[in-house]
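J.: My structure is stored as start-v3.txt, with compact mmCIF, C-alpha atoms.
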```txt
# COMPACT_ATOMS: atom_id res chain seq x y z
CA MET A 5 -47.45 -94.55 -34.59
CA ASN A 6 -44.64 -97.09 -34.40
CA ASN A 7 -45.08 -100.50 -32.91
CA ILE A 8 -43.26 -102.83 -30.55
CA LYS A 9 -43.86 -106.53 -30.94
CA TYR A 10 -43.28 -107.85 -27.43
CA PHE A 11 -42.71 -111.42 -26.35
CA LEU A 12 -42.09 -112.64 -22.82
CA PRO A 13 -40.72 -116.21 -22.78
CA LYS A 14 -41.15 -118.26 -19.62
CA SER A 15 -38.06 -120.43 -19.94
CA LEU A 16 -34.59 -120.44 -21.42
CA GLU A 17 -35.66 -123.13 -23.89
CA GLU A 18 -38.64 -121.08 -25.04
CA ALA A 19 -36.44 -117.98 -25.41
CA VAL A 20 -33.84 -119.78 -27.51
CA LYS A 21 -36.53 -121.34 -29.75
CA TYR A 22 -38.24 -117.96 -30.22
CA LEU A 23 -34.98 -116.28 -31.15
CA SER A 24 -34.24 -119.03 -33.65
CA ASP A 25 -37.66 -118.57 -35.30
CA ASN A 26 -37.53 -114.75 -35.12
CA ASN A 27 -34.12 -113.51 -36.17
CA ASP A 28 -35.30 -109.90 -36.13
CA ALA A 29 -36.13 -110.06 -32.39
CA LYS A 30 -33.83 -108.12 -30.07
CA VAL A 31 -33.19 -109.41 -26.57
CA LEU A 32 -34.46 -106.95 -23.95
CA ALA A 33 -32.76 -107.31 -20.55
CA GLY A 34 -32.38 -104.07 -18.53
CA GLY A 35 -33.24 -101.83 -21.45
CA THR A 36 -30.97 -99.01 -20.28
CA ASP A 37 -29.11 -99.04 -23.61
CA LEU A 38 -31.74 -100.54 -25.89
CA ILE A 39 -34.64 -98.27 -24.91
CA VAL A 40 -32.42 -95.16 -24.99
CA LYS A 41 -31.19 -96.04 -28.51
CA TRP A 42 -34.75 -96.79 -29.59
CA LYS A 43 -35.92 -93.37 -28.39
CA LYS A 44 -32.92 -91.57 -29.90
CA THR A 45 -33.68 -93.10 -33.30
CA GLY A 46 -37.30 -91.94 -33.28
CA CYS A 47 -38.93 -95.02 -31.69
CA PRO A 48 -38.92 -97.20 -34.82
CA ASP A 49 -40.78 -100.50 -35.07
CA MET A 50 -39.06 -103.04 -32.89
CA HIS A 51 -39.42 -106.71 -32.08
CA LEU A 52 -38.45 -107.49 -28.50
CA MET A 53 -38.01 -110.63 -26.49
CA ASP A 54 -37.91 -109.73 -22.79
CA ILE A 55 -35.76 -112.15 -20.76
CA ARG A 56 -36.28 -110.52 -17.37
CA GLY A 57 -38.94 -113.04 -16.41
CA ILE A 58 -36.55 -116.00 -16.68
CA ASN A 59 -34.87 -116.70 -13.37
CA LYS A 60 -32.25 -118.93 -14.98
CA PHE A 61 -30.75 -115.88 -16.69
CA ALA A 62 -30.22 -114.10 -13.38
CA GLU A 63 -28.60 -117.02 -11.55
CA MET A 64 -25.18 -116.72 -9.97
CA ASN A 65 -23.60 -119.93 -8.73
CA ASP A 66 -20.46 -121.98 -8.27
CA LEU A 67 -19.47 -124.42 -11.00
CA SER A 68 -16.59 -126.89 -10.89
CA GLU A 69 -14.67 -124.68 -13.35
CA GLY A 70 -15.42 -121.32 -11.73
CA PHE A 71 -18.21 -118.91 -10.88
CA PHE A 72 -21.20 -118.48 -13.18
CA ILE A 73 -22.93 -115.11 -13.52
CA GLY A 74 -26.17 -115.15 -15.50
CA ALA A 75 -26.45 -112.56 -18.25
CA GLY A 76 -29.67 -111.26 -16.71
CA ALA A 77 -28.16 -110.53 -13.27
CA THR A 78 -28.54 -106.81 -12.69
CA ILE A 79 -25.50 -104.62 -12.21
CA GLU A 80 -26.75 -103.99 -8.67
CA GLN A 81 -26.87 -107.75 -7.97
CA VAL A 82 -23.31 -108.10 -9.27
CA GLU A 83 -22.17 -105.10 -7.23
CA SER A 84 -23.63 -106.43 -3.99
CA CYS A 85 -22.87 -110.17 -4.40
CA GLU A 86 -20.60 -111.20 -1.51
CA LYS A 87 -18.91 -113.95 -3.52
CA ILE A 88 -18.01 -111.45 -6.27
CA LYS A 89 -16.76 -108.92 -3.71
CA ALA A 90 -14.48 -111.59 -2.23
CA ASP A 91 -13.20 -113.39 -5.32
CA PHE A 92 -13.60 -110.81 -8.12
CA PRO A 93 -13.39 -107.46 -6.30
CA ILE A 94 -12.78 -105.25 -9.33
CA LEU A 95 -15.89 -106.64 -11.02
CA SER A 96 -17.88 -105.45 -8.04
CA GLU A 97 -16.03 -102.12 -8.13
CA ALA A 98 -16.66 -101.66 -11.86
CA ALA A 99 -20.34 -102.49 -11.35
CA ARG A 100 -20.53 -99.76 -8.70
CA ASN A 101 -19.22 -97.33 -11.32
CA VAL A 102 -21.97 -98.02 -13.87
CA GLY A 103 -24.46 -95.15 -14.34
CA SER A 104 -26.62 -94.35 -11.32
CA VAL A 105 -28.49 -96.33 -8.68
CA GLN A 106 -31.57 -96.38 -10.93
CA VAL A 107 -29.58 -97.57 -13.94
CA ARG A 108 -27.81 -100.29 -11.91
CA ASN A 109 -31.18 -101.58 -10.68
CA LEU A 110 -32.29 -102.13 -14.28
CA ALA A 111 -29.15 -102.77 -16.32
CA THR A 112 -27.70 -106.25 -16.57
CA ILE A 113 -24.17 -107.61 -16.70
CA GLY A 114 -25.01 -109.42 -19.95
CA GLY A 115 -26.40 -106.27 -21.53
CA ASN A 116 -23.25 -104.35 -20.64
CA SER A 117 -21.29 -106.80 -22.81
CA CYS A 118 -23.89 -107.40 -25.55
CA ASN A 119 -24.26 -103.66 -26.15
CA ALA A 120 -20.56 -103.89 -27.10
CA ALA A 121 -19.70 -100.30 -26.19
CA PRO A 122 -15.91 -99.87 -25.97
CA SER A 123 -16.43 -97.93 -22.73
CA ALA A 124 -18.48 -100.61 -20.90
CA ASP A 125 -17.25 -100.68 -17.29
CA THR A 126 -17.85 -104.32 -16.35
CA VAL A 127 -16.21 -105.69 -19.49
CA LEU A 128 -12.65 -104.80 -18.44
CA PRO A 129 -12.62 -106.85 -15.19
CA LEU A 130 -14.35 -109.71 -17.02
CA ILE A 131 -11.54 -109.70 -19.60
CA VAL A 132 -8.70 -109.72 -17.07
CA TYR A 133 -10.47 -112.38 -14.99
CA GLU A 134 -10.43 -114.48 -18.20
CA ALA A 135 -14.22 -114.79 -18.27
CA GLU A 136 -15.83 -116.93 -20.92
CA ALA A 137 -19.13 -115.90 -22.46
CA VAL A 138 -21.63 -118.77 -22.59
CA ILE A 139 -23.62 -118.40 -25.80
CA VAL A 140 -26.79 -120.41 -26.36
CA SER A 141 -28.86 -121.23 -29.43
CA VAL A 142 -31.07 -124.10 -30.55
CA SER A 143 -27.86 -125.91 -31.54
CA GLY A 144 -26.67 -125.90 -27.92
CA GLU A 145 -24.09 -124.00 -25.91
CA LYS A 146 -20.70 -122.70 -26.91
CA ARG A 147 -18.05 -120.64 -25.16
CA CYS A 148 -16.03 -117.64 -26.23
CA THR A 149 -13.41 -115.86 -24.15
CA LEU A 150 -14.60 -112.34 -23.50
CA LYS A 151 -11.45 -110.82 -25.00
CA ASP A 152 -12.54 -112.32 -28.33
CA PHE A 153 -16.26 -111.52 -27.89
CA PHE A 154 -16.22 -108.03 -29.40
CA VAL A 155 -15.78 -107.47 -33.12
CA GLY A 156 -16.66 -103.78 -33.48
CA PRO A 157 -18.61 -100.97 -31.87
CA GLY A 158 -22.01 -102.47 -31.02
CA LYS A 159 -21.00 -105.80 -32.57
CA THR A 160 -20.19 -109.13 -30.97
CA VAL A 161 -19.36 -112.59 -32.27
CA MET A 162 -22.95 -113.70 -31.66
CA ARG A 163 -24.90 -114.65 -34.76
CA PRO A 164 -28.65 -114.35 -35.37
CA GLY A 165 -30.46 -116.87 -33.20
CA GLU A 166 -27.75 -116.81 -30.53
CA MET A 167 -27.98 -115.18 -27.14
CA LEU A 168 -25.76 -114.72 -24.12
CA LYS A 169 -26.58 -117.01 -21.21
CA GLY A 170 -23.89 -115.72 -18.87
CA PHE A 171 -20.22 -115.75 -17.98
CA VAL A 172 -17.95 -118.30 -16.36
CA LEU A 173 -15.11 -116.79 -14.34
CA PRO A 174 -12.28 -119.11 -13.32
CA LYS A 175 -11.23 -118.62 -9.71
CA PRO A 176 -8.11 -116.42 -9.64
CA LYS A 177 -4.86 -117.93 -8.33
CA PRO A 178 -4.16 -117.12 -4.65
CA CYS A 179 -1.28 -114.76 -5.51
CA THR A 180 -3.53 -112.54 -7.64
CA VAL A 181 -3.79 -108.79 -7.09
CA VAL A 182 -6.09 -106.55 -9.10
CA SER A 183 -7.13 -102.97 -9.64
CA PHE A 184 -9.57 -100.97 -11.74
CA ALA A 185 -9.75 -97.34 -12.79
CA LYS A 186 -12.52 -95.41 -14.48
CA HIS A 187 -11.24 -92.06 -15.63
CA SER A 188 -14.26 -89.91 -16.44
CA ARG A 189 -15.37 -86.29 -16.48
CA ARG A 190 -17.61 -86.62 -13.45
CA ALA A 191 -17.76 -89.21 -10.69
CA GLY A 192 -21.22 -90.54 -11.48
CA MET A 193 -23.56 -91.05 -14.43
CA ASP A 194 -20.79 -90.74 -16.98
CA LEU A 195 -19.07 -92.99 -19.47
CA ALA A 196 -15.38 -93.71 -19.09
CA THR A 197 -12.95 -91.47 -20.94
CA VAL A 198 -10.40 -94.19 -20.26
CA GLY A 199 -10.99 -97.43 -18.35
CA VAL A 200 -8.27 -99.76 -17.09
CA ALA A 201 -8.34 -103.15 -15.38
CA VAL A 202 -5.18 -104.87 -14.21
CA LYS A 203 -4.65 -108.37 -12.86
CA ILE A 204 -1.23 -109.50 -11.69
CA CYS A 205 -0.15 -112.87 -10.31
CA LEU A 206 2.72 -111.99 -8.03
CA LYS A 207 5.65 -114.22 -7.26
CA LYS A 208 5.44 -115.25 -3.65
CA GLY A 209 6.77 -112.55 -1.34
CA GLU A 210 7.99 -110.41 -4.23
CA LYS A 211 6.92 -107.41 -6.27
CA SER A 212 7.57 -109.20 -9.53
CA ALA A 213 4.92 -110.81 -11.67
CA GLU A 214 4.35 -114.36 -12.83
CA GLU A 215 1.67 -113.07 -15.14
CA ILE A 216 0.20 -109.65 -15.98
CA SER A 217 -3.14 -108.89 -17.68
CA VAL A 218 -4.26 -105.42 -18.71
CA ALA A 219 -7.56 -104.44 -20.35
CA LEU A 220 -8.33 -100.96 -21.66
CA GLY A 221 -11.72 -99.38 -22.29
CA ALA A 222 -12.93 -96.41 -24.35
CA VAL A 223 -9.68 -96.25 -26.29
CA GLY A 224 -10.57 -98.11 -29.48
CA PRO A 225 -13.51 -99.59 -31.39
CA VAL A 226 -13.64 -102.53 -28.97
CA PRO A 227 -12.35 -103.10 -25.44
CA VAL A 228 -8.63 -103.87 -25.66
CA SER A 229 -7.05 -106.92 -24.07
CA VAL A 230 -3.35 -106.11 -24.15
CA LYS A 231 -1.35 -108.86 -25.84
CA GLY A 232 2.26 -109.87 -25.33
CA LEU A 233 2.59 -108.84 -21.67
CA GLU A 234 4.35 -112.11 -20.87
CA LYS A 235 7.59 -110.35 -21.85
CA PHE A 236 7.29 -108.55 -18.50
CA ASN A 237 6.97 -111.76 -16.48
CA GLY A 238 9.54 -111.68 -13.73
CA ALA A 239 10.15 -107.93 -14.10
CA ASP A 240 10.43 -105.87 -10.92
CA LEU A 241 7.13 -103.96 -10.72
CA SER A 242 8.46 -101.62 -8.05
CA SER A 243 10.75 -100.08 -10.70
CA ASP A 244 9.45 -96.86 -12.27
CA ASN A 245 11.09 -97.78 -15.57
CA VAL A 246 9.30 -101.13 -15.71
CA LEU A 247 5.95 -99.48 -14.94
CA LYS A 248 6.54 -96.94 -17.67
CA GLU A 249 7.48 -99.69 -20.15
CA ILE A 250 4.34 -101.72 -19.38
CA ALA A 251 2.12 -98.63 -19.61
CA GLU A 252 3.64 -97.55 -22.92
CA PHE A 253 3.51 -101.10 -24.28
CA SER A 254 -0.22 -101.20 -23.37
CA PHE A 255 -0.82 -97.79 -24.92
CA GLU A 256 0.67 -98.93 -28.24
CA GLN A 257 -2.22 -101.40 -28.62
CA ALA A 258 -4.89 -98.75 -28.09
CA SER A 259 -6.31 -96.52 -30.82
CA PRO A 260 -7.88 -93.61 -28.98
CA ILE A 261 -9.90 -90.99 -30.84
CA THR A 262 -11.05 -87.48 -30.04
CA ASP A 263 -14.67 -87.26 -28.98
CA VAL A 264 -16.89 -85.33 -26.58
CA ARG A 265 -15.31 -87.06 -23.56
CA GLY A 266 -11.69 -86.29 -24.36
CA SER A 267 -9.12 -85.65 -27.06
CA LYS A 268 -6.91 -88.33 -28.56
CA ASP A 269 -3.88 -86.70 -26.93
CA TYR A 270 -5.50 -86.50 -23.49
CA ARG A 271 -6.71 -90.10 -23.71
CA SER A 272 -3.24 -91.25 -24.73
CA LYS A 273 -1.69 -89.63 -21.67
CA MET A 274 -4.45 -90.99 -19.42
CA ILE A 275 -3.93 -94.55 -20.66
CA VAL A 276 -0.26 -94.46 -19.67
CA GLN A 277 -0.96 -92.76 -16.34
CA ASN A 278 -3.87 -95.02 -15.37
CA VAL A 279 -2.05 -98.24 -16.28
CA LYS A 280 0.88 -97.15 -14.08
CA ASP A 281 -1.47 -96.11 -11.26
CA CYS A 282 -3.42 -99.35 -11.49
CA ILE A 283 -0.30 -101.51 -11.23
CA CYS A 284 0.91 -99.47 -8.23
CA LYS A 285 -2.49 -99.74 -6.59
CA ALA A 286 -2.66 -103.49 -7.23
CA ILE A 287 0.74 -104.19 -5.73
CA LYS A 288 0.25 -101.49 -3.06
CA ILE A 289 3.02 -99.07 -3.96
CA ASP A 290 2.32 -95.37 -3.34
CA MET B 26 -50.67 -101.57 -33.00
CA ASP B 27 -49.90 -104.19 -30.34
CA MET B 28 -51.72 -103.81 -27.02
CA LYS B 29 -51.46 -105.77 -23.77
CA THR B 30 -53.35 -105.77 -20.51
CA ILE B 31 -51.08 -105.42 -17.53
CA SER B 32 -51.97 -105.96 -13.89
CA PHE B 33 -49.82 -104.30 -11.30
CA SER B 34 -49.99 -102.62 -7.93
CA VAL B 35 -49.59 -98.86 -7.87
CA ASN B 36 -49.28 -97.21 -4.47
CA GLY B 37 -50.84 -100.28 -2.89
CA LYS B 38 -53.86 -100.38 -5.18
CA PRO B 39 -54.26 -103.13 -7.76
CA GLN B 40 -54.55 -101.72 -11.30
CA LYS B 41 -55.44 -103.34 -14.59
CA VAL B 42 -54.51 -101.21 -17.58
CA HIS B 43 -54.71 -101.79 -21.32
CA VAL B 44 -51.45 -100.41 -22.72
CA ARG B 45 -49.66 -100.11 -26.03
CA THR B 46 -46.50 -102.18 -26.04
CA ASN B 47 -44.44 -99.09 -26.93
CA TRP B 48 -45.60 -97.04 -23.94
CA THR B 49 -43.22 -96.46 -21.09
CA LEU B 50 -44.14 -96.89 -17.45
CA SER B 51 -43.72 -93.13 -16.88
CA SER B 52 -46.28 -92.27 -19.55
CA VAL B 53 -48.77 -94.87 -18.29
CA LEU B 54 -48.45 -93.58 -14.71
CA ARG B 55 -49.06 -90.01 -15.86
CA GLU B 56 -51.46 -90.38 -18.76
CA GLN B 57 -53.45 -93.52 -17.92
CA LEU B 58 -53.48 -93.30 -14.14
CA GLY B 59 -53.26 -89.52 -13.75
CA LEU B 60 -50.30 -89.72 -11.37
CA LEU B 61 -48.65 -86.49 -12.45
CA GLY B 62 -46.17 -86.38 -9.57
CA THR B 63 -43.77 -88.54 -11.58
CA LYS B 64 -42.06 -86.12 -13.97
CA ILE B 65 -40.58 -86.79 -17.37
CA GLY B 66 -37.36 -84.86 -17.88
CA CYS B 67 -34.76 -86.18 -20.29
CA GLY B 68 -36.62 -89.36 -21.20
CA GLU B 69 -33.26 -91.16 -21.39
CA GLY B 70 -32.62 -92.26 -17.81
CA GLU B 71 -30.14 -89.45 -17.14
CA CYS B 72 -32.01 -86.94 -14.99
CA GLY B 73 -33.94 -89.14 -12.55
CA ALA B 74 -37.09 -86.96 -12.52
CA CYS B 75 -39.18 -90.03 -13.39
CA SER B 76 -37.76 -92.22 -10.58
CA VAL B 77 -40.25 -94.55 -8.95
CA LEU B 78 -39.88 -97.62 -6.77
CA MET B 79 -40.41 -100.84 -8.72
CA ASN B 80 -40.45 -103.91 -6.50
CA GLY B 81 -38.66 -101.86 -3.83
CA LYS B 82 -35.87 -100.52 -6.05
CA THR B 83 -35.62 -97.14 -7.73
CA VAL B 84 -35.84 -97.19 -11.50
CA THR B 85 -36.09 -94.48 -14.11
CA SER B 86 -39.62 -95.18 -15.33
CA CYS B 87 -38.90 -93.56 -18.70
CA LEU B 88 -36.67 -96.54 -19.53
CA VAL B 89 -39.13 -99.22 -18.46
CA LEU B 90 -41.76 -100.32 -20.94
CA ALA B 91 -45.16 -100.48 -19.28
CA VAL B 92 -45.49 -104.14 -20.29
CA GLN B 93 -42.40 -104.87 -18.20
CA ALA B 94 -44.22 -103.64 -15.10
CA ASP B 95 -46.82 -106.42 -15.39
CA GLY B 96 -47.07 -108.01 -11.95
CA ALA B 97 -44.82 -105.40 -10.34
CA GLU B 98 -45.35 -103.29 -7.25
CA ILE B 99 -44.89 -99.61 -8.06
CA ILE B 100 -44.66 -96.76 -5.57
CA THR B 101 -44.78 -93.19 -6.86
CA ILE B 102 -44.50 -89.92 -4.96
CA GLU B 103 -48.29 -89.97 -4.50
CA GLY B 104 -47.97 -93.22 -2.57
CA LEU B 105 -45.80 -91.80 0.21
CA GLU B 106 -48.39 -89.72 2.04
CA ASN B 107 -49.69 -91.24 5.28
CA MET B 108 -53.33 -92.35 5.60
CA ASP B 109 -54.16 -89.18 7.54
CA GLY B 110 -52.79 -86.99 4.78
CA THR B 111 -49.57 -86.06 6.55
CA LEU B 112 -46.32 -86.11 4.63
CA HIS B 113 -43.71 -88.86 4.64
CA PRO B 114 -40.68 -87.90 6.82
CA VAL B 115 -38.55 -87.50 3.68
CA GLN B 116 -41.10 -85.07 2.22
CA GLU B 117 -41.24 -83.20 5.53
CA ALA B 118 -37.45 -82.96 5.55
CA PHE B 119 -37.40 -81.49 2.03
CA VAL B 120 -39.87 -78.84 3.16
CA GLU B 121 -37.93 -78.07 6.34
CA ALA B 122 -34.59 -77.79 4.58
CA GLY B 123 -36.00 -75.68 1.76
CA ALA B 124 -34.71 -78.29 -0.66
CA VAL B 125 -37.26 -77.36 -3.32
CA GLN B 126 -37.03 -74.56 -5.82
CA CYS B 127 -38.82 -75.17 -9.14
CA GLY B 128 -39.80 -78.60 -7.81
CA TYR B 129 -39.46 -80.54 -11.04
CA CYS B 130 -36.73 -82.85 -9.73
CA THR B 131 -38.25 -83.16 -6.25
CA PRO B 132 -40.41 -86.28 -6.67
CA GLY B 133 -37.44 -88.15 -8.11
CA MET B 134 -35.12 -86.82 -5.40
CA VAL B 135 -37.57 -87.94 -2.71
CA MET B 136 -37.91 -91.44 -4.18
CA SER B 137 -34.12 -91.81 -4.43
CA THR B 138 -33.73 -90.53 -0.86
CA ILE B 139 -36.14 -93.21 0.38
CA ALA B 140 -34.11 -95.92 -1.36
CA LEU B 141 -30.87 -94.39 -0.09
CA LEU B 142 -32.03 -94.30 3.55
CA GLU B 143 -33.29 -97.86 3.26
CA LYS B 144 -29.75 -98.93 2.36
CA HIS B 145 -27.89 -96.44 4.57
CA PRO B 146 -30.09 -95.29 7.48
CA GLU B 147 -27.27 -93.01 8.68
CA PRO B 148 -25.58 -92.03 5.43
CA THR B 149 -22.23 -90.32 5.18
CA GLU B 150 -21.97 -87.31 2.91
CA GLU B 151 -20.34 -89.50 0.28
CA GLU B 152 -23.15 -92.05 0.48
CA VAL B 153 -25.71 -89.26 0.05
CA ARG B 154 -23.91 -87.93 -3.01
CA GLU B 155 -23.53 -91.43 -4.44
CA GLY B 156 -27.16 -92.31 -3.74
CA LEU B 157 -28.42 -89.23 -5.54
CA THR B 158 -26.03 -89.45 -8.51
CA GLY B 159 -28.88 -90.31 -10.83
CA ASN B 160 -30.97 -87.26 -9.95
CA LEU B 161 -30.20 -83.90 -11.48
CA CYS B 162 -31.32 -80.57 -10.02
CA ARG B 163 -30.76 -77.37 -11.98
CA CYS B 164 -31.90 -74.97 -9.23
CA THR B 165 -30.69 -75.78 -5.76
CA GLY B 166 -27.00 -76.51 -6.16
CA TYR B 167 -27.81 -79.71 -4.23
CA GLN B 168 -26.67 -78.48 -0.81
CA LYS B 169 -30.18 -78.06 0.61
CA ILE B 170 -31.13 -81.45 -0.80
CA PHE B 171 -28.18 -83.10 0.94
CA GLU B 172 -29.22 -81.34 4.17
CA ALA B 173 -32.78 -82.63 3.68
CA VAL B 174 -31.46 -86.20 3.41
CA GLN B 175 -29.68 -85.85 6.76
CA ILE B 176 -32.80 -84.36 8.38
CA ALA B 177 -34.88 -87.21 6.95
CA SER B 178 -32.37 -89.73 8.27
CA LYS B 179 -32.77 -88.35 11.80
CA LYS B 180 -36.57 -88.24 11.53
CA MET B 181 -36.78 -91.81 10.30
CA ARG B 182 -34.46 -93.13 12.98
CA ARG B 183 -36.54 -91.40 15.62
CA GLY B 184 -39.53 -93.18 14.10
```
Just dump the structure as structure tokens.

T.:
Amino acid sequence: MNNIKYFLPKSLEEAVKYLSDNNDAKVLAGGTDLIVKWKKTGCPDMHLMDIRGINKFAEMNDLSEGFFIGAGATIEQVESCEKIKADFPILSEAARNVGSVQVRNLATIGGNSCNAAPSADTVLPLIVYEAEAVIVSVSGEKRCTLKDFFVGPGKTVMRPGEMLKGFVLPKPKPCTVVSFAKHSRRAGMDLATVGVAVKICLKKGEKSAEEISVALGAVGPVPVSVKGLEKFNGADLSSDNVLKEIAEFSFEQASPITDVRGSKDYRSKMIVQNVKDCICKAIKID
Amino acid sequence: MDMKTISFSVNGKPQKVHVRTNWTLSSVLREQLGLLGTKIGCGEGECGACSVLMNGKTVTSCLVLAVQADGAEIITIEGLENMDGTLHPVQEAFVEAGAVQCGYCTPGMVMSTIALLEKHPEPTEEEVREGLTGNLCRCTGYQKIFEAVQIASKKMRRG
């Protein structure tokens, strides 16, 4: 019979110290990925540090530089937070698209990133909102923009002894419009076949952009933050040709594969279509 | 083999159980406490048959380690019955609508319906479908279950 070594720290400091002394320990937050993987691999021996008892990890509050969301905040807490609904609406929308009610009650926003699945729903809004991951260890805190947080499927920049404390999201500029799409086989309890988040800072009173951000999910080994979109700054977003150019430019940075959720060809078409749709939805063009 | 003693409330009764750290809440409820109403289906949080209320929120108890339930308040299907043995309005509604066929998903469906009606006392059809996304039924085709939710909503509002 296999064993789980289980540790429940009472404070952030105790958690960080334990992780430094026990590099084999995995951080257990919601468990909706970790426990499933553990079962699917035959319930091997595992060393867990459960952070759900530490309130500091679940905090959400205003900082001078933006809004802080603790890594241990559940997806349901993120979905229903009024501040997030008002200032970061597509993060709330993406949270509502994660799994089922039961999964959202357990799963955490930090776990959704640390699991480093390319299809993770909440990661795409966090990328376009320019979120920074706050990483803690016994050496102190450091920051990493979320677009640079993922290094491969299931892999992040975090080293042994480091853990995610939360995210800082700078407040979007007043002219910002956003939209999110999760293209999946069924409406609930499914992973994205293609995910798209779009953030556009519009020029006042116009349909042209000062700045465009696009993030793509489930179309490569890591979530994709599309680079080089500044070449479209000032372009007229109500033009079909411009939309097509942006969508195709975004698609070129994706590397979709064929899997159980969709073929490479289908995904490729859905990237282009969903980027176009998201921009139209964001700037309210039918 | 690591063991821990957990203290938690199950259906309003305090319980102290010695558990292995690799046991899930669903297996402790069924095998240690004999509460066989909570079903284990997929074991991966997909089917919702093992749904229970943990601190007032539905969770798939197959994904919760029993040690994580230390100090928690758990309600299972067995905890819904009234003191006089009569059924909870949601259970009554499932009976009235004929929302049960093989019955394996029913405890999970009932627990999710309770959470759903707590959030949306008068749910729209979309809210019902969304609220029950995490519960699979292979028999009914869902329609009778959705009808049961609406009947339960009326019963609960009538008090």

J.: Could you pull the residues within 8 Å of B:Ala173, counting all atoms listed in the file, minus those fewer than 2 positions along the same chain, as a list in words?

T.: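 The residues that qualify are Val115, Ala118, Phe119, Glu121, Ala122, Gly123, Ala124, Lys169, Ile170, Phe171, Gln175, Ile176 and Ala177 of chain B.
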
J.: Quick one: everything within 10 Å of A:Thr197, counting only C-alpha atoms, minus sequence neighbours fewer than 5 positions away in the same chain. Send it as a list in words.

T.: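 Once the nearby chain positions are removed, what remains is Ser123, Lys186, His187, Ser188, Arg189, Gly221, Ala222, Val223, Pro260, Asp263, Val264, Arg265, Gly266, Ser267, Tyr270, Arg271, Met274 and Ile275 of chain A.
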
J.: Provide the atom CA of A:Val202 to atom CA of A:Ser217 distance in Å, to one decimal place.

T.: 5.7 Å

J.: Sorted by chain and rising residue number, list the residues of chain B at most 7 Å from chain A (counting all atoms listed in the file), each with its closest atom pair and distance in Å to one decimal, as JSON lines.

T.:
```
{"residue": "B:Met26", "atom": "CA", "partner": "A:Asn7", "partner_atom": "CA", "distance": 5.7}
{"residue": "B:Asp27", "atom": "CA", "partner": "A:Lys9", "partner_atom": "CA", "distance": 6.5}
{"residue": "B:Thr46", "atom": "CA", "partner": "A:Ile8", "partner_atom": "CA", "distance": 5.6}
{"residue": "B:Asn47", "atom": "CA", "partner": "A:Ile8", "partner_atom": "CA", "distance": 5.3}
{"residue": "B:Glu69", "atom": "CA", "partner": "A:Val40", "partner_atom": "CA", "distance": 5.4}
{"residue": "B:Lys82", "atom": "CA", "partner": "A:Asn109", "partner_atom": "CA", "distance": 6.7}
{"residue": "B:Thr83", "atom": "CA", "partner": "A:Gln106", "partner_atom": "CA", "distance": 5.2}
{"residue": "B:Val84", "atom": "CA", "partner": "A:Gln106", "partner_atom": "CA", "distance": 4.4}
{"residue": "B:Thr85", "atom": "CA", "partner": "A:Gln106", "partner_atom": "CA", "distance": 5.8}
{"residue": "B:Leu88", "atom": "CA", "partner": "A:Ile39", "partner_atom": "CA", "distance": 6.0}
{"residue": "B:Gly156", "atom": "CA", "partner": "A:Val105", "partner_atom": "CA", "distance": 6.5}
{"residue": "B:Thr158", "atom": "CA", "partner": "A:Ser104", "partner_atom": "CA", "distance": 5.7}
{"residue": "B:Gly159", "atom": "CA", "partner": "A:Ser104", "partner_atom": "CA", "distance": 4.7}
```

J.: What's the separation between atom CA of B:Ala74 and atom CA of B:Lys41, in Å to one decimal place?

T.: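 Distance between the two atoms: 24.7 Å.
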
J.: Within 7 Å of (-46.9, -104.1, -11.8) in the file's own coordinates, which protein, DNA or RNA residues have an atom, counting all atoms listed in the file? List them as a compact mmCIF listing (two decimals) with C-alpha atoms, keeping the file's coordinate frame.

T.:
```txt
# COMPACT_ATOMS: atom_id res chain seq x y z
CA SER B 32 -51.97 -105.96 -13.89
CA PHE B 33 -49.82 -104.30 -11.30
CA SER B 34 -49.99 -102.62 -7.93
CA ALA B 94 -44.22 -103.64 -15.10
CA ASP B 95 -46.82 -106.42 -15.39
CA GLY B 96 -47.07 -108.01 -11.95
CA ALA B 97 -44.82 -105.40 -10.34
CA GLU B 98 -45.35 -103.29 -7.25
CA ILE B 99 -44.89 -99.61 -8.06
```

J.: Extract, using all atoms listed in the file, all DNA, RNA and protein residues at most 10 Å from A:Ser143, discarding same-chain residues fewer than 3 positions from it, and format them as a PyMOL selection string.

T.: chain A and resi 20-21+24+140+146+165-166

J.: For a test of reading the model, state the distance in Å between atom CA of B:Glu117 and atom CA of B:Lys180, rounded to one decimal.

T.: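 Distance reported for this atom pair: 9.1 Å.
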
J.: Can you pull out every residue within 7 Å of stretch 239-256 of chain A, counting only C-alpha atoms, but drop anything in the same chain fewer than 2 positions away, and send it as a PyMOL selection string?

T.: chain A and resi 211-213+230+236-237+258+272+275-276+279-280

J.: Excluding same-chain residues fewer than 5 positions from A:Ile283, what lies within 9 Å of it counting all atoms listed in the file, as a ChimeraX atom specification?

T.: /A:182-183,202-204,241,247,278,288-289

J.: Any chance you could export the current selection's C-alpha atoms as a short mmCIF file (atom, residue, chain, number, x, y, z; two decimals), in the coordinates of the input?

T.:
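The new file part-v2.cif reads:
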```cif
data_model
loop_
_atom_site.label_atom_id
_atom_site.label_comp_id
_atom_site.auth_asym_id
_atom_site.auth_seq_id
_atom_site.Cartn_x
_atom_site.Cartn_y
_atom_site.Cartn_z
CA VAL A 182 -6.09 -106.55 -9.10
CA SER A 183 -7.13 -102.97 -9.64
CA VAL A 202 -5.18 -104.87 -14.21
CA LYS A 203 -4.65 -108.37 -12.86
CA ILE A 204 -1.23 -109.50 -11.69
CA LEU A 241 7.13 -103.96 -10.72
CA LEU A 247 5.95 -99.48 -14.94
CA ASN A 278 -3.87 -95.02 -15.37
CA LYS A 288 0.25 -101.49 -3.06
CA ILE A 289 3.02 -99.07 -3.96
#
```
